[in-house]
Amino acid sequence: MADLSVRLAGLVLRNPFLLASGIWGESGDSLSGAWSAGAGGVITKSIGTAPRPGYPNPTVETYERWGLLNAMGLPNPGIDEYPREIEVARRAGAPVVGSVFAGDAAEFARLARRIAATGVVAVELNLSCPHAEGFGTEVGSEPEDVERIVRAVVAEVRLPVIAKITPNTSDPAGLAAAAEQGGAAAVSAINTLRALAIDVHLRRPVLSHGLGGLSGPAIKPVGLACVWQIFEAVSIPVVGIGGIRTGRDALEYVMAGARAVEIGTAVAFDGIGVFERLNRELSALLDEIGYARLEEAVGAAHTKL
Amino acid sequence: MRTIVRVTERVQETPSTVTLRFPYPPSAAPGQFVMVWIPGDDEIPMSLSYTQGVSKGITVKVMGETSRHVQAIEPGASLGIRGPYGNHFDVRARRVLVVGGGSGAAVLAPAAAEARTFGAELVVALGAIRADELLFRERFRSLGARVRVATDDGSEGHAGYVTAVAEDELARHRFDAVWTCGPEVMMRKVLAAAEAHGVPLFGSMERHMKCALGMCDACAFGSYHVCSDGPVFPADRLKATADFGRFHRDPSGRRVPF
């Protein structure tokens, strides 16, 4: 049995599979449920300054088993209310990463300080939600903005800061380099790809917000390319995200340069049992290839070009 | 993906509830729900009130703005439907006590109809605020069920809550199962009564929903999700969930008391 544990920015994770932000993340019971189901760690819903209901439904559109489009609109209970949910997950033993979103560097810093005080093991900055006015991609598309925000947060918290990078730009690796410059301990990539669904009978977009973000197997090759380029551009660890449904998908990300990966849409398609299966598949695949430890495979594909 | 359907029929069931029928071929089991998109407005989870054959149906009570819009829909209008989602009642029970409060009867009626096709004996305890709000009373009767009613204002049947009728039935007769849907405070009482008489209970739950795919966590109910672990929950799961009858979550995910 290969060793699946990974070190990531000072953390030690029992396996590389983190529950991605926005999935099972509004309640502490769900977070701890994902941990008991075999996740290596759990990332909260992105939390903002105030409670936010998100967009009206329809907020999702599904495409058989290859993709999922969503524009939830960053619903969250707000930073005053949310710590009780984190506490529930922490009591269950789950390493919780606190995700926050904000409109500028000062607000990011305030939120990061508050969520850091709840006992989370790291903070992930949502610099990449593709469908919320004034947040996410809108504040995370320029390297100088990313660097300034990360720097402001790093100055406020003693925990590892992970910058979640958008793929909806010409140079994701440049954004990752800016995050490293600002002091980020790691970067995670990718968030969803900006996308749209149209209903021809009704002659209108399906989602209430119109534009949304695409996730799922369809975006795996895009995520791999971003992780590949980011790995070459930075020396901090990379967390790979995008369309991972099997142990083999995860190993592809690891060989492209990821030290850990995040799992989101696969929970919708396969249920929370996907974590147990991913662990099993990855372990068997490493045994078959001849790796004793997952960490030996990080970036392995880069030697072949 | 959604299927755009045209409403074929609109039935005013009671002053506050309306049934919409529409052709939707996917097979569905009683207890399951669909996501109903009212184009230009919202998309809401609705348990199917008609599950057999192609012509499915939903029965909507005026609660908020969206349900008001749904009620205003006339035959010919378009709806977007996805699903059915979730689990269902086990309709092979032999002797069932059905306890419905208000619009809760909407999901219980198709379960009763299906159970009849397996030869079940049905007793229905139906509650509403007034006699004219008793939902699907004639439908239950036409299935051969013995129907007892309770009204808050005493305009018909037992004056008070339907839980008293359910308790009385449980004390007098033997049942294999209790199926219930209605206000959660009512379901809590029915659960306690069923448990006291050793009868397995299944209750259909409602929570705010967004994805209906077991992913977004909007319908978190303790360690369960109503969309993927429910909406029908056995008594032990309801009892193990501290939120049952006490808390729900608003669209932002805040846990708020009923």
# chains A, B, ... in the order shown; residues from 1 in each chain; ligands from 1

$ select_by_dssp --residues "region 39-169 of chain B" --states "strand (DSSP E)" --output "PyMOL selection string"
chain B and resi 43-50+55-61+78-85+95-101+121-128+146-151+158-159

$ write_last_selection --atoms "N, CA and C atoms" --output "compact mmCIF listing (two decimals), in the first residue's frame"
# COMPACT_ATOMS: atom_id res chain seq x y z
N GLU B 43 -36.82 28.45 -9.32
CA GLU B 43 -36.95 27.00 -9.49
C GLU B 43 -37.09 26.42 -8.10
N ILE B 44 -38.17 25.65 -7.88
CA ILE B 44 -38.45 25.17 -6.52
C ILE B 44 -38.63 23.65 -6.51
N PRO B 45 -38.26 23.01 -5.40
CA PRO B 45 -38.50 21.57 -5.28
C PRO B 45 -39.97 21.31 -4.98
N MET B 46 -40.57 20.38 -5.70
CA MET B 46 -41.97 20.02 -5.44
C MET B 46 -42.09 18.50 -5.47
N SER B 47 -42.62 17.93 -4.40
CA SER B 47 -42.93 16.51 -4.43
C SER B 47 -44.01 16.28 -5.48
N LEU B 48 -43.92 15.15 -6.19
CA LEU B 48 -44.94 14.85 -7.18
C LEU B 48 -46.22 14.42 -6.46
N SER B 49 -47.35 14.99 -6.87
CA SER B 49 -48.62 14.56 -6.29
C SER B 49 -49.31 13.53 -7.19
N TYR B 50 -48.81 13.42 -8.43
CA TYR B 50 -49.24 12.36 -9.34
C TYR B 50 -47.98 11.75 -9.95
N SER B 55 -48.55 11.48 -17.37
CA SER B 55 -49.05 12.75 -16.86
C SER B 55 -48.74 12.89 -15.38
N LYS B 56 -47.67 13.64 -15.09
CA LYS B 56 -47.29 13.86 -13.69
C LYS B 56 -48.01 15.10 -13.17
N GLY B 57 -47.92 15.31 -11.86
CA GLY B 57 -48.56 16.48 -11.30
C GLY B 57 -47.87 16.97 -10.05
N ILE B 58 -48.01 18.26 -9.82
CA ILE B 58 -47.55 18.85 -8.56
C ILE B 58 -48.72 19.61 -7.95
N THR B 59 -48.74 19.68 -6.64
CA THR B 59 -49.81 20.40 -5.96
C THR B 59 -49.17 21.44 -5.05
N VAL B 60 -49.48 22.69 -5.34
CA VAL B 60 -48.75 23.81 -4.74
C VAL B 60 -49.65 24.60 -3.82
N LYS B 61 -49.12 24.90 -2.64
CA LYS B 61 -49.84 25.76 -1.70
C LYS B 61 -49.20 27.14 -1.75
N SER B 78 -45.39 27.14 -20.05
CA SER B 78 -44.20 26.28 -20.02
C SER B 78 -43.58 26.24 -18.63
N LEU B 79 -43.14 25.05 -18.25
CA LEU B 79 -42.38 24.86 -17.02
C LEU B 79 -41.12 24.06 -17.37
N GLY B 80 -40.04 24.30 -16.65
CA GLY B 80 -38.84 23.47 -16.80
C GLY B 80 -38.83 22.45 -15.67
N ILE B 81 -38.68 21.17 -16.03
CA ILE B 81 -38.70 20.11 -15.02
C ILE B 81 -37.39 19.33 -15.07
N ARG B 82 -36.77 19.09 -13.90
CA ARG B 82 -35.69 18.11 -13.83
C ARG B 82 -35.93 17.18 -12.66
N GLY B 83 -35.44 15.98 -12.78
CA GLY B 83 -35.68 14.94 -11.78
C GLY B 83 -36.38 13.76 -12.45
N PRO B 84 -37.08 12.92 -11.71
CA PRO B 84 -37.30 13.03 -10.27
C PRO B 84 -36.04 12.71 -9.46
N TYR B 85 -35.99 13.29 -8.29
CA TYR B 85 -34.86 13.11 -7.38
C TYR B 85 -35.34 12.50 -6.06
N ARG B 95 -50.70 -2.46 5.92
CA ARG B 95 -51.71 -1.67 6.65
C ARG B 95 -51.06 -0.37 7.08
N VAL B 96 -51.49 0.71 6.43
CA VAL B 96 -50.77 1.98 6.59
C VAL B 96 -51.67 3.06 7.19
N LEU B 97 -51.10 3.77 8.16
CA LEU B 97 -51.75 4.98 8.66
C LEU B 97 -51.07 6.17 7.99
N VAL B 98 -51.85 6.92 7.23
CA VAL B 98 -51.34 8.09 6.51
C VAL B 98 -51.75 9.33 7.30
N VAL B 99 -50.76 10.15 7.69
CA VAL B 99 -51.09 11.35 8.47
C VAL B 99 -50.59 12.59 7.73
N GLY B 100 -51.55 13.36 7.21
CA GLY B 100 -51.20 14.53 6.42
C GLY B 100 -51.70 15.81 7.06
N GLY B 101 -50.82 16.80 7.13
CA GLY B 101 -51.24 18.11 7.61
C GLY B 101 -51.11 19.13 6.50
N GLU B 121 -54.26 -1.80 3.02
CA GLU B 121 -55.39 -1.20 3.73
C GLU B 121 -54.94 0.16 4.23
N LEU B 122 -55.74 1.19 3.98
CA LEU B 122 -55.31 2.54 4.29
C LEU B 122 -56.26 3.24 5.26
N VAL B 123 -55.69 3.86 6.27
CA VAL B 123 -56.44 4.79 7.11
C VAL B 123 -55.76 6.14 6.97
N VAL B 124 -56.53 7.16 6.67
CA VAL B 124 -55.95 8.49 6.45
C VAL B 124 -56.44 9.45 7.52
N ALA B 125 -55.49 10.09 8.21
CA ALA B 125 -55.82 11.18 9.14
C ALA B 125 -55.39 12.47 8.48
N LEU B 126 -56.39 13.29 8.19
CA LEU B 126 -56.15 14.48 7.37
C LEU B 126 -56.47 15.73 8.17
N GLY B 127 -55.50 16.65 8.22
CA GLY B 127 -55.73 17.87 8.98
C GLY B 127 -55.58 19.11 8.13
N ALA B 128 -56.34 20.15 8.49
CA ALA B 128 -56.24 21.43 7.79
C ALA B 128 -56.77 22.52 8.72
N ARG B 146 -60.17 4.66 4.62
CA ARG B 146 -61.03 5.22 5.66
C ARG B 146 -60.39 6.55 6.05
N VAL B 147 -61.15 7.65 5.87
CA VAL B 147 -60.58 8.98 6.08
C VAL B 147 -61.18 9.63 7.33
N ARG B 148 -60.31 10.09 8.22
CA ARG B 148 -60.77 10.88 9.38
C ARG B 148 -60.13 12.25 9.30
N VAL B 149 -60.89 13.26 9.62
CA VAL B 149 -60.36 14.61 9.44
C VAL B 149 -60.33 15.38 10.76
N ALA B 150 -59.46 16.38 10.77
CA ALA B 150 -59.37 17.32 11.90
C ALA B 150 -59.20 18.71 11.32
N THR B 151 -59.88 19.67 11.93
CA THR B 151 -59.73 21.06 11.47
C THR B 151 -59.41 21.94 12.68
N HIS B 158 -62.63 16.30 13.95
CA HIS B 158 -62.05 16.64 15.24
C HIS B 158 -61.63 18.10 15.25
N ALA B 159 -62.01 18.83 16.30
CA ALA B 159 -61.60 20.23 16.41
C ALA B 159 -60.24 20.28 17.08

$ interface_residues --of "chain A" --to "chain B" --cutoff "6 Å" --atoms "only C-alpha atoms" --output "ChimeraX atom specification"
/A:23-24,26,29-30,51-53,57-58,60,62,75-77,268

$ write_last_selection --atoms "C-alpha atoms" --output "PDB file, in the first residue's frame"
ATOM      1  CA  ILE A  23     -19.337  21.548  -1.809  1.00  0.00           C
ATOM      2  CA  TRP A  24     -20.967  20.257   1.415  1.00  0.00           C
ATOM      3  CA  GLU A  26     -22.467  25.319   4.591  1.00  0.00           C
ATOM      4  CA  ASP A  29     -22.139  18.336  10.019  1.00  0.00           C
ATOM      5  CA  SER A  30     -21.565  18.114   6.268  1.00  0.00           C
ATOM      6  CA  PRO A  51     -24.967  36.702   5.176  1.00  0.00           C
ATOM      7  CA  ARG A  52     -25.677  36.360   1.469  1.00  0.00           C
ATOM      8  CA  PRO A  53     -28.549  34.345  -0.006  1.00  0.00           C
ATOM      9  CA  ASN A  57     -32.637  29.273  -8.815  1.00  0.00           C
ATOM     10  CA  PRO A  58     -31.921  27.891 -11.345  1.00  0.00           C
ATOM     11  CA  VAL A  60     -27.161  24.701 -11.690  1.00  0.00           C
ATOM     12  CA  THR A  62     -26.070  19.389 -15.454  1.00  0.00           C
ATOM     13  CA  PRO A  75     -24.376  32.153  -0.701  1.00  0.00           C
ATOM     14  CA  ASN A  76     -22.985  31.954   2.821  1.00  0.00           C
ATOM     15  CA  PRO A  77     -24.093  32.591   6.417  1.00  0.00           C
ATOM     16  CA  ALA A 268     -22.569  15.446  -7.070  1.00  0.00           C
TER      17      ALA A 268
END

$ residues_around --residues "Gly41 (chain A)" --least-positions-apart "4" --cutoff "9 Å" --atoms "only C-alpha atoms" --output "NGL selection string"
:A and (13-19 or 34-35 or 94-97)

$ atom_distance --atom1 "CA of Val298 (chain A)" --atom2 "CA of Ser128 (chain A)"
24.3 Å

$ residues_around --residues "region 163-179 of chain A" --least-positions-apart "4" --cutoff "9 Å" --atoms "only C-alpha atoms" --output "number ranges by chain"
A: 123-130, 136-137, 140-151, 183-194, 222-223, 226-235, 239

$ closest_residue --among "B:Arg246, B:Arg130, B:Arg92, B:Arg6" --to "Glu184 (chain B)" --atoms "only C-alpha atoms"
B:Arg246

$ atom_distance --atom1 "CA of Asp153 (chain B)" --atom2 "CA of Glu133 (chain B)"
11.2 Å

$ atom_distance --atom1 "CA of Ser46 (chain A)" --atom2 "CA of Leu159 (chain A)"
17.0 Å

$ closest_residue --among "A:Val161, A:Ala152, A:Ile79, A:Ala71" --to "Ala132 (chain A)" --atoms "only C-alpha atoms"
A:Ala71

$ closest_residue --among "A:Ile198, A:Leu74, A:Leu251, A:Val139" --to "Ala284 (chain A)" --atoms "only C-alpha atoms"
A:Leu251

$ closest_residue --among "B:Gly157, B:Gly76, B:Glu114, B:Phe22" --to "Gln52 (chain B)" --atoms "only C-alpha atoms"
B:Glu114

$ residues_around --residues "region 253-257 of chain A" --least-positions-apart "2" --cutoff "8 Å" --atoms "only C-alpha atoms" --output "ChimeraX atom specification"
/A:224-225,227-228,231,238,240,249-251,259-261,297-302

$ residues_around --residues "Phe135 (chain A)" --least-positions-apart "5" --cutoff "7 Å" --atoms "only C-alpha atoms" --output "MDAnalysis selection string"
chainID A and resid 101:103

$ residues_around --residues "Ser32 (chain A)" --least-positions-apart "6" --cutoff "8 Å" --atoms "only C-alpha atoms" --output "list of chain:residue names"
A:Val88, A:Ala89, A:Arg90, A:Ala92, A:Gly93, A:Ala94
